[in-house]
>>> print(open('entry.cif').read())   # mmCIF, C-alpha atoms
data_start
#
loop_
_atom_site.label_atom_id
_atom_site.label_comp_id
_atom_site.auth_asym_id
_atom_site.auth_seq_id
_atom_site.Cartn_x
_atom_site.Cartn_y
_atom_site.Cartn_z
CA MET A 1453 0.00 0.00 0.00
CA ASN A 1454 1.41 3.36 -1.04
CA ASP A 1455 0.53 6.29 1.24
CA SER A 1456 2.66 8.82 -0.62
CA PRO A 1457 0.75 11.84 -1.92
CA ASP A 1458 -0.07 12.12 -5.59
CA PRO A 1459 2.50 14.12 -7.54
CA VAL A 1460 1.63 17.80 -7.91
CA ASP A 1461 1.37 19.19 -11.42
CA PRO A 1462 3.31 22.49 -11.41
CA ASP A 1463 0.91 23.87 -14.01
CA ALA A 1464 -1.92 23.56 -11.47
CA LEU A 1465 -0.18 25.75 -8.89
CA ALA A 1466 -0.80 29.47 -8.64
CA PRO A 1467 1.99 31.31 -10.49
CA LEU A 1468 4.71 32.94 -8.44
CA SER A 1469 4.07 36.12 -10.42
CA TRP A 1470 0.82 36.55 -8.50
CA ALA A 1471 2.53 37.06 -5.14
CA GLY A 1472 1.23 40.37 -3.83
CA VAL A 1473 -0.62 41.18 -7.06
CA ASP A 1474 -4.38 41.77 -6.95
CA ASP A 1475 -5.00 43.84 -10.08
CA ILE A 1476 -6.98 42.65 -13.06
CA VAL A 1477 -5.35 43.99 -16.23
CA ILE A 1478 -7.71 45.23 -18.94
CA VAL A 1479 -6.22 45.82 -22.38
CA GLY A 1480 -8.15 48.51 -24.21
CA GLY A 1481 -9.58 51.94 -23.41
CA GLY A 1482 -12.82 51.67 -25.37
CA LEU A 1483 -16.35 51.11 -24.13
CA ALA A 1484 -15.92 47.41 -23.33
CA GLY A 1485 -12.75 47.92 -21.30
CA LEU A 1486 -14.06 50.94 -19.40
CA PHE A 1487 -17.40 49.32 -18.61
CA CYS A 1488 -15.65 46.14 -17.41
CA ALA A 1489 -13.38 48.18 -15.12
CA LEU A 1490 -16.34 50.03 -13.61
CA LYS A 1491 -18.31 46.82 -13.03
CA LEU A 1492 -15.28 45.28 -11.26
CA SER A 1493 -14.99 48.25 -8.87
CA PRO A 1494 -13.89 48.34 -6.08
CA ARG A 1495 -11.61 45.48 -7.07
CA PRO A 1496 -8.21 46.84 -8.22
CA VAL A 1497 -8.02 47.20 -12.00
CA THR A 1498 -5.32 48.45 -14.35
CA ILE A 1499 -6.36 49.65 -17.81
CA LEU A 1500 -3.71 49.68 -20.56
CA SER A 1501 -4.37 51.98 -23.50
CA PRO A 1502 -1.99 53.00 -26.30
CA THR A 1503 -3.74 56.39 -26.56
CA PRO A 1504 -5.76 58.62 -24.22
CA LEU A 1505 -8.92 56.83 -23.13
CA GLY A 1506 -11.51 56.70 -25.89
CA ASP A 1507 -9.18 57.69 -28.74
CA GLY A 1508 -9.36 55.15 -31.54
CA ALA A 1509 -12.37 53.42 -30.00
CA SER A 1510 -15.10 52.36 -32.42
CA SER A 1511 -17.82 53.06 -29.85
CA ALA A 1512 -17.08 56.79 -29.86
CA TRP A 1513 -17.96 56.80 -33.58
CA ALA A 1514 -21.25 54.93 -33.08
CA GLN A 1515 -24.38 56.73 -34.20
CA GLY A 1516 -27.99 55.74 -33.60
CA GLY A 1517 -28.58 54.38 -30.12
CA ILE A 1518 -28.80 51.30 -27.92
CA ALA A 1519 -31.64 48.78 -28.10
CA ALA A 1520 -33.20 47.58 -24.83
CA ALA A 1521 -36.70 46.54 -23.79
CA VAL A 1522 -37.28 49.38 -21.33
CA GLY A 1523 -40.65 50.64 -22.59
CA LEU A 1524 -44.10 49.83 -21.25
CA GLY A 1525 -45.47 46.67 -22.85
CA ASP A 1526 -42.09 45.59 -24.21
CA SER A 1527 -40.14 42.54 -23.06
CA ALA A 1528 -36.73 40.95 -23.38
CA GLU A 1529 -38.33 37.94 -25.08
CA ALA A 1530 -39.94 40.15 -27.76
CA HIS A 1531 -36.57 41.84 -28.27
CA ALA A 1532 -34.91 38.44 -28.63
CA LEU A 1533 -37.50 37.23 -31.15
CA ASP A 1534 -37.05 40.37 -33.26
CA THR A 1535 -33.28 39.87 -33.17
CA ILE A 1536 -33.48 36.20 -34.14
CA ALA A 1537 -35.89 36.95 -36.97
CA ALA A 1538 -33.71 39.75 -38.32
CA GLY A 1539 -30.68 37.45 -38.28
CA ALA A 1540 -32.37 35.10 -40.75
CA GLY A 1541 -30.74 31.92 -39.51
CA VAL A 1542 -27.29 33.12 -38.45
CA VAL A 1543 -28.10 34.21 -34.87
CA ASP A 1544 -27.00 32.16 -31.86
CA GLU A 1545 -30.35 32.13 -30.07
CA ASN A 1546 -28.86 31.53 -26.62
CA VAL A 1547 -26.60 34.55 -27.00
CA ALA A 1548 -29.45 36.70 -28.33
CA ARG A 1549 -31.62 35.83 -25.34
CA MET A 1550 -28.78 36.42 -22.89
CA MET A 1551 -28.03 39.86 -24.34
CA THR A 1552 -31.63 41.02 -24.59
CA ALA A 1553 -32.34 39.78 -21.04
CA GLU A 1554 -29.48 41.94 -19.73
CA ALA A 1555 -30.03 44.97 -21.98
CA ALA A 1556 -32.34 46.94 -19.67
CA ASP A 1557 -30.01 46.49 -16.70
CA ARG A 1558 -27.03 47.59 -18.76
CA VAL A 1559 -28.85 50.75 -19.83
CA ALA A 1560 -29.53 51.37 -16.13
CA ASP A 1561 -25.79 50.96 -15.47
CA LEU A 1562 -24.95 53.48 -18.18
CA LEU A 1563 -27.43 55.95 -16.69
CA ALA A 1564 -25.80 55.48 -13.28
CA TYR A 1565 -22.40 56.20 -14.82
CA GLY A 1566 -23.74 59.45 -16.26
CA ALA A 1567 -24.82 58.63 -19.83
CA PRO A 1568 -27.19 61.48 -20.80
CA PHE A 1569 -29.84 59.54 -22.71
CA ASP A 1570 -32.67 61.66 -24.12
CA ARG A 1571 -35.80 61.98 -21.96
CA ASP A 1572 -39.31 63.23 -22.64
CA LEU A 1573 -41.01 66.11 -20.84
CA GLU A 1574 -42.04 63.77 -18.01
CA GLY A 1575 -38.48 62.57 -17.44
CA ARG A 1576 -38.92 59.13 -18.98
CA LEU A 1577 -36.41 57.71 -21.46
CA GLN A 1578 -37.31 58.83 -24.96
CA LEU A 1579 -37.50 55.73 -27.15
CA SER A 1580 -37.27 55.37 -30.92
CA ARG A 1581 -38.15 52.52 -33.23
CA GLU A 1582 -35.92 51.44 -36.09
CA ALA A 1583 -34.83 48.55 -38.29
CA ALA A 1584 -36.45 45.20 -37.42
CA HIS A 1585 -37.65 46.17 -33.95
CA SER A 1586 -41.36 45.70 -33.36
CA GLU A 1587 -41.40 48.18 -30.46
CA ARG A 1588 -39.91 51.55 -29.61
CA ARG A 1589 -36.79 50.44 -27.73
CA ILE A 1590 -33.85 52.57 -28.92
CA VAL A 1591 -32.37 54.95 -26.33
CA ARG A 1592 -30.47 57.87 -27.88
CA VAL A 1593 -28.46 60.98 -27.05
CA ASN A 1594 -29.26 64.12 -29.06
CA GLY A 1595 -30.42 61.98 -31.94
CA ASP A 1596 -27.29 60.24 -33.22
CA LEU A 1597 -24.60 61.08 -30.66
CA ALA A 1598 -25.01 58.10 -28.31
CA GLY A 1599 -21.56 56.62 -28.91
CA LYS A 1600 -19.64 59.80 -28.19
CA ALA A 1601 -21.80 60.69 -25.18
CA VAL A 1602 -21.64 57.24 -23.59
CA MET A 1603 -17.86 57.11 -24.04
CA GLY A 1604 -17.48 60.55 -22.46
CA ALA A 1605 -19.56 59.50 -19.45
CA LEU A 1606 -17.62 56.28 -18.93
CA ILE A 1607 -14.24 58.00 -19.26
CA ALA A 1608 -15.27 60.51 -16.59
CA ALA A 1609 -16.56 57.71 -14.33
CA VAL A 1610 -13.33 55.73 -14.71
CA ARG A 1611 -11.15 58.72 -13.92
CA ARG A 1612 -13.01 59.40 -10.67
CA THR A 1613 -12.96 55.76 -9.50
CA PRO A 1614 -10.04 55.24 -7.06
CA SER A 1615 -9.74 51.48 -7.66
CA ILE A 1616 -8.99 51.95 -11.37
CA ARG A 1617 -5.43 52.72 -12.48
CA VAL A 1618 -5.13 54.00 -16.04
CA LEU A 1619 -1.83 53.55 -17.91
CA GLU A 1620 -2.00 55.46 -21.19
CA GLY A 1621 0.66 55.31 -23.87
CA LEU A 1622 1.26 51.57 -23.47
CA THR A 1623 0.66 49.29 -26.46
CA ALA A 1624 0.05 45.65 -25.55
CA GLU A 1625 2.10 43.24 -27.65
CA ASP A 1626 1.67 39.83 -26.08
CA LEU A 1627 0.35 37.90 -23.12
CA VAL A 1628 2.60 36.56 -20.35
CA THR A 1629 1.91 32.93 -19.47
CA GLU A 1630 3.08 30.59 -16.72
CA GLY A 1631 1.97 27.02 -17.32
CA ARG A 1632 -1.74 27.12 -18.09
CA PHE A 1633 -2.21 30.57 -16.55
CA VAL A 1634 -2.18 33.97 -18.23
CA VAL A 1635 -0.40 36.18 -15.70
CA GLY A 1636 0.04 39.50 -17.42
CA VAL A 1637 0.74 41.53 -20.52
CA VAL A 1638 3.87 42.57 -22.41
CA ALA A 1639 3.40 46.22 -23.32
CA ARG A 1640 5.61 48.81 -24.98
CA PRO A 1641 5.56 52.40 -23.70
CA LYS A 1642 5.26 54.98 -26.45
CA GLY A 1643 8.68 55.73 -27.91
CA ALA A 1644 10.45 53.09 -25.79
CA ALA A 1645 12.89 50.56 -27.20
CA LYS A 1646 12.09 47.87 -24.65
CA PRO A 1647 8.70 46.56 -23.53
CA VAL A 1648 7.60 46.17 -19.92
CA ARG A 1649 5.55 43.52 -18.17
CA VAL A 1650 2.32 44.34 -16.37
CA ILE A 1651 1.36 41.43 -14.12
CA GLY A 1652 -2.22 40.73 -13.10
CA ARG A 1653 -4.48 38.12 -11.48
CA ALA A 1654 -6.45 38.01 -14.71
CA VAL A 1655 -6.29 39.68 -18.11
CA VAL A 1656 -9.27 41.00 -20.05
CA LEU A 1657 -8.76 41.65 -23.76
CA ALA A 1658 -11.05 44.48 -24.84
CA THR A 1659 -9.12 45.44 -27.95
CA GLY A 1660 -11.83 45.94 -30.54
CA GLY A 1661 -12.48 44.31 -33.87
CA VAL A 1662 -10.67 43.47 -37.09
CA GLY A 1663 -12.00 46.09 -39.53
CA HIS A 1664 -8.59 47.42 -40.53
CA LEU A 1665 -7.44 44.02 -41.74
CA TYR A 1666 -9.61 44.83 -44.76
CA ALA A 1667 -9.01 47.34 -47.55
CA VAL A 1668 -12.33 49.10 -47.05
CA THR A 1669 -13.71 49.75 -43.56
CA THR A 1670 -15.38 52.44 -41.47
CA ASN A 1671 -13.53 51.23 -38.34
CA PRO A 1672 -10.73 53.27 -36.72
CA GLN A 1673 -7.25 52.13 -37.67
CA GLU A 1674 -6.67 50.63 -34.21
CA ALA A 1675 -9.23 47.90 -34.99
CA ARG A 1676 -6.84 45.42 -36.52
CA GLY A 1677 -7.25 42.26 -34.44
CA ALA A 1678 -4.20 42.65 -32.17
CA GLY A 1679 -6.02 41.28 -29.14
CA LEU A 1680 -7.28 38.24 -31.05
CA ALA A 1681 -3.72 37.55 -32.22
CA MET A 1682 -2.40 37.73 -28.65
CA ALA A 1683 -5.13 35.37 -27.47
CA ALA A 1684 -4.38 32.91 -30.27
CA ARG A 1685 -0.66 32.87 -29.48
CA ALA A 1686 -1.50 32.14 -25.83
CA GLY A 1687 -3.59 29.13 -26.87
CA ALA A 1688 -7.13 30.52 -26.84
CA THR A 1689 -9.79 29.01 -29.07
CA LEU A 1690 -11.23 31.63 -31.43
CA ALA A 1691 -14.64 31.40 -33.06
CA ASP A 1692 -16.91 33.37 -35.41
CA LEU A 1693 -14.15 35.61 -36.72
#
>>> encode(input="entry.cif", output="structure tokens")
Amino acid sequence: MNDSPDPVDPDALAPLSWAGVDDIVIVGGGLAGLFCALKLSPRPVTILSPTPLGDGASSAWAQGGIAAAVGLGDSAEAHALDTIAAGAGVVDENVARMMTAEAADRVADLLAYGAPFDRDLEGRLQLSREAAHSERRIVRVNGDLAGKAVMGALIAAVRRTPSIRVLEGLTAEDLVTEGRFVVGVVARPKGAAKPVRVIGRAVVLATGGVGHLYAVTTNPQEARGAGLAMAARAGATLADL
């Protein structure tokens, strides 16, 4: 009979890099990264951005508004059904239902962070109807300025939140791994010859899309898939690119 303990797999142990480190590192200063940082508050967060917050972010260019079932008589299920129908067979129904179920709460979050959505004379959210929506469920800011206004509100909220550290002028180049763990980011300060390492308990990639991999796009030039490339090199499984 062997009473010796089972061998320990070093890859299952917490990385030594984590000693004394509590921050979650978020790569990207657009809407997704800022919103994630605010939702994690008061947990310590470090945001890495190659430019001042919001610069180069697609969301700041967004016109129109945000769809959410916040009106009387509307429902998340009706929103989901409209979305699935409009997708004509290419919508992941579980994802559509998850997003429409959360949409009203996320609009409430944005309001709490200072997003100045249009209101009617009685103070209620002013709702528009567009595209394939069967109800009036689009919240707007001054008509078509929702993207810029929401980004401005989130940037201000981030800058006044003590638990969020913002490091601007750092371009993420790769992920740092130890065994099966991602433990940080390799980032290059603007104008520097050598990169630095920013260690974190977890890393969130909020680096935008891939529009500028194509010859014709309306995306800002920063949307070139850098975050997806870093994830792939670290071993992530990518889907629906």
>>> resolve_selection(input="entry.cif", expression="the PyMOL selection byres ((chain A and resi 1628-1640) around 12)", output="ChimeraX atom specification")
/A:1461-1471,1473-1480,1498-1502,1619-1627,1641-1657,1679,1682-1683,1685-1688
>>> closest_residue(input="entry.cif", among="A:Val1618, A:Ala1509, A:Ala1556, A:Leu1563", to="A:Glu1674", atoms="only C-alpha atoms")
A:Ala1509
>>> residues_around(input="entry.cif", residues="stretch 1580-1584 of chain A", least_positions_apart="5", cutoff="7 Å", atoms="only C-alpha atoms", output="PyMOL selection string")
chain A and resi 1534+1538+1589-1591
>>> atom_distance(input="entry.cif", atom1="atom CA of A:Tyr1565", atom2="atom CA of A:Val1547")
25.2 Å
>>> atom_distance(input="entry.cif", atom1="atom CA of A:Gly1566", atom2="atom CA of A:Ala1675")
26.4 Å
>>> residues_around(input="entry.cif", residues="stretch 1525-1527 of chain A", least_positions_apart="3", cutoff="9 Å", atoms="all atoms listed in the file", output="ChimeraX atom specification")
/A:1520-1522,1530-1532,1552-1553,1587-1589
>>> closest_residue(input="entry.cif", among="A:Leu1573, A:Ala1484, A:Leu1665, A:Leu1533", to="A:Asn1546", atoms="all atoms listed in the file")
A:Leu1533
>>> closest_residue(input="entry.cif", among="A:Leu1562, A:Leu1597, A:Leu1579, A:Val1543", to="A:Ala1609", atoms="only C-alpha atoms")
A:Leu1562
>>> closest_residue(input="entry.cif", among="A:Tyr1666, A:Trp1513, A:Phe1569, A:Phe1487", to="A:Val1593", atoms="all atoms listed in the file")
A:Phe1569
>>> atom_distance(input="entry.cif", atom1="atom CA of A:Ala1667", atom2="atom CA of A:Leu1693")
16.8 Å
>>> residues_around(input="entry.cif", residues="A:Ala1567", least_positions_apart="2", cutoff="10 Å", atoms="all atoms listed in the file", output="PyMOL selection string")
chain A and resi 1559-1565+1569-1570+1592-1593+1598-1606+1609
>>> write_last_selection(input="entry.cif", atoms="C-alpha atoms", output="PDB file, in the coordinates of the input")
ATOM      1  CA  VAL A1559     -28.850  50.750 -19.830  1.00  0.00           C
ATOM      2  CA  ALA A1560     -29.530  51.370 -16.130  1.00  0.00           C
ATOM      3  CA  ASP A1561     -25.790  50.960 -15.470  1.00  0.00           C
ATOM      4  CA  LEU A1562     -24.950  53.480 -18.180  1.00  0.00           C
ATOM      5  CA  LEU A1563     -27.430  55.950 -16.690  1.00  0.00           C
ATOM      6  CA  ALA A1564     -25.800  55.480 -13.280  1.00  0.00           C
ATOM      7  CA  TYR A1565     -22.400  56.200 -14.820  1.00  0.00           C
ATOM      8  CA  PHE A1569     -29.840  59.540 -22.710  1.00  0.00           C
ATOM      9  CA  ASP A1570     -32.670  61.660 -24.120  1.00  0.00           C
ATOM     10  CA  ARG A1592     -30.470  57.870 -27.880  1.00  0.00           C
ATOM     11  CA  VAL A1593     -28.460  60.980 -27.050  1.00  0.00           C
ATOM     12  CA  ALA A1598     -25.010  58.100 -28.310  1.00  0.00           C
ATOM     13  CA  GLY A1599     -21.560  56.620 -28.910  1.00  0.00           C
ATOM     14  CA  LYS A1600     -19.640  59.800 -28.190  1.00  0.00           C
ATOM     15  CA  ALA A1601     -21.800  60.690 -25.180  1.00  0.00           C
ATOM     16  CA  VAL A1602     -21.640  57.240 -23.590  1.00  0.00           C
ATOM     17  CA  MET A1603     -17.860  57.110 -24.040  1.00  0.00           C
ATOM     18  CA  GLY A1604     -17.480  60.550 -22.460  1.00  0.00           C
ATOM     19  CA  ALA A1605     -19.560  59.500 -19.450  1.00  0.00           C
ATOM     20  CA  LEU A1606     -17.620  56.280 -18.930  1.00  0.00           C
ATOM     21  CA  ALA A1609     -16.560  57.710 -14.330  1.00  0.00           C
TER      22      ALA A1609
END
>>> closest_residue(input="entry.cif", among="A:Ala1519, A:Ala1658, A:Ala1540, A:Leu1524", to="A:Arg1558", atoms="all atoms listed in the file")
A:Ala1519
>>> closest_residue(input="entry.cif", among="A:Asp1596, A:Ser1510, A:Glu1545, A:Ser1615", to="A:Val1497", atoms="only C-alpha atoms")
A:Ser1615
>>> build_atoms(input="entry.cif", residues="stretch 1575-1586 of chain A", atoms="all heavy atoms", output="short mmCIF file (atom, residue, chain, number, x, y, z; two decimals), in the coordinates of the input")
data_model
loop_
_atom_site.label_atom_id
_atom_site.label_comp_id
_atom_site.auth_asym_id
_atom_site.auth_seq_id
_atom_site.Cartn_x
_atom_site.Cartn_y
_atom_site.Cartn_z
N GLY A 1575 -39.69 63.15 -18.01
CA GLY A 1575 -38.48 62.57 -17.44
C GLY A 1575 -38.24 61.12 -17.78
O GLY A 1575 -37.26 60.52 -17.32
N ARG A 1576 -39.11 60.53 -18.59
CA ARG A 1576 -38.92 59.13 -18.98
C ARG A 1576 -37.98 59.04 -20.18
O ARG A 1576 -37.88 59.99 -20.97
CB ARG A 1576 -40.26 58.50 -19.34
CG ARG A 1576 -41.25 58.42 -18.18
CD ARG A 1576 -42.62 57.97 -18.62
NE ARG A 1576 -43.19 58.90 -19.60
CZ ARG A 1576 -44.47 58.91 -19.94
NH1 ARG A 1576 -45.31 58.03 -19.42
NH2 ARG A 1576 -44.91 59.79 -20.84
N LEU A 1577 -37.29 57.90 -20.30
CA LEU A 1577 -36.41 57.71 -21.46
C LEU A 1577 -37.21 57.85 -22.74
O LEU A 1577 -38.29 57.28 -22.89
CB LEU A 1577 -35.75 56.33 -21.40
CG LEU A 1577 -34.67 56.13 -20.35
CD1 LEU A 1577 -34.23 54.67 -20.31
CD2 LEU A 1577 -33.46 57.02 -20.63
N GLN A 1578 -36.66 58.63 -23.67
CA GLN A 1578 -37.31 58.83 -24.96
C GLN A 1578 -36.87 57.70 -25.89
O GLN A 1578 -35.67 57.54 -26.15
CB GLN A 1578 -36.93 60.19 -25.53
CG GLN A 1578 -37.74 60.60 -26.73
CD GLN A 1578 -37.53 62.06 -27.09
OE1 GLN A 1578 -36.96 62.82 -26.31
NE2 GLN A 1578 -37.98 62.45 -28.26
N LEU A 1579 -37.80 56.94 -26.39
CA LEU A 1579 -37.50 55.73 -27.15
C LEU A 1579 -37.87 55.91 -28.62
O LEU A 1579 -38.90 56.51 -28.95
CB LEU A 1579 -38.26 54.53 -26.58
CG LEU A 1579 -38.04 54.24 -25.09
CD1 LEU A 1579 -38.93 53.09 -24.64
CD2 LEU A 1579 -36.57 53.93 -24.82
N SER A 1580 -37.01 55.36 -29.48
CA SER A 1580 -37.27 55.37 -30.92
C SER A 1580 -37.41 53.94 -31.42
O SER A 1580 -36.99 52.99 -30.76
CB SER A 1580 -36.12 56.06 -31.67
OG SER A 1580 -35.94 57.38 -31.22
N ARG A 1581 -38.01 53.82 -32.59
CA ARG A 1581 -38.15 52.52 -33.23
C ARG A 1581 -37.41 52.54 -34.56
O ARG A 1581 -37.52 53.52 -35.31
CB ARG A 1581 -39.62 52.18 -33.46
CG ARG A 1581 -39.85 50.85 -34.16
CD ARG A 1581 -41.34 50.56 -34.34
NE ARG A 1581 -41.56 49.40 -35.16
CZ ARG A 1581 -42.75 48.97 -35.55
NH1 ARG A 1581 -43.84 49.63 -35.18
NH2 ARG A 1581 -42.86 47.89 -36.30
N GLU A 1582 -36.67 51.49 -34.83
CA GLU A 1582 -35.92 51.44 -36.09
C GLU A 1582 -35.68 49.99 -36.50
O GLU A 1582 -35.90 49.06 -35.72
CB GLU A 1582 -34.58 52.18 -35.97
CG GLU A 1582 -33.61 51.55 -35.00
CD GLU A 1582 -32.27 52.29 -34.91
OE1 GLU A 1582 -32.25 53.53 -35.02
OE2 GLU A 1582 -31.26 51.62 -34.72
N ALA A 1583 -35.24 49.84 -37.73
CA ALA A 1583 -34.83 48.55 -38.29
C ALA A 1583 -35.90 47.49 -38.07
O ALA A 1583 -37.07 47.73 -38.35
CB ALA A 1583 -33.48 48.13 -37.71
N ALA A 1584 -35.52 46.32 -37.54
CA ALA A 1584 -36.45 45.20 -37.42
C ALA A 1584 -37.16 45.15 -36.08
O ALA A 1584 -37.83 44.16 -35.77
CB ALA A 1584 -35.70 43.89 -37.66
N HIS A 1585 -37.02 46.18 -35.26
CA HIS A 1585 -37.65 46.17 -33.95
C HIS A 1585 -39.16 46.38 -34.07
O HIS A 1585 -39.62 47.26 -34.81
CB HIS A 1585 -37.04 47.25 -33.05
CG HIS A 1585 -35.61 47.01 -32.73
ND1 HIS A 1585 -35.21 46.04 -31.84
CD2 HIS A 1585 -34.48 47.61 -33.18
CE1 HIS A 1585 -33.89 46.05 -31.76
NE2 HIS A 1585 -33.41 46.98 -32.56
N SER A 1586 -39.90 45.59 -33.33
CA SER A 1586 -41.36 45.70 -33.36
C SER A 1586 -41.89 46.71 -32.35
O SER A 1586 -43.09 47.01 -32.35
CB SER A 1586 -41.99 44.32 -33.08
OG SER A 1586 -41.59 43.84 -31.81
#
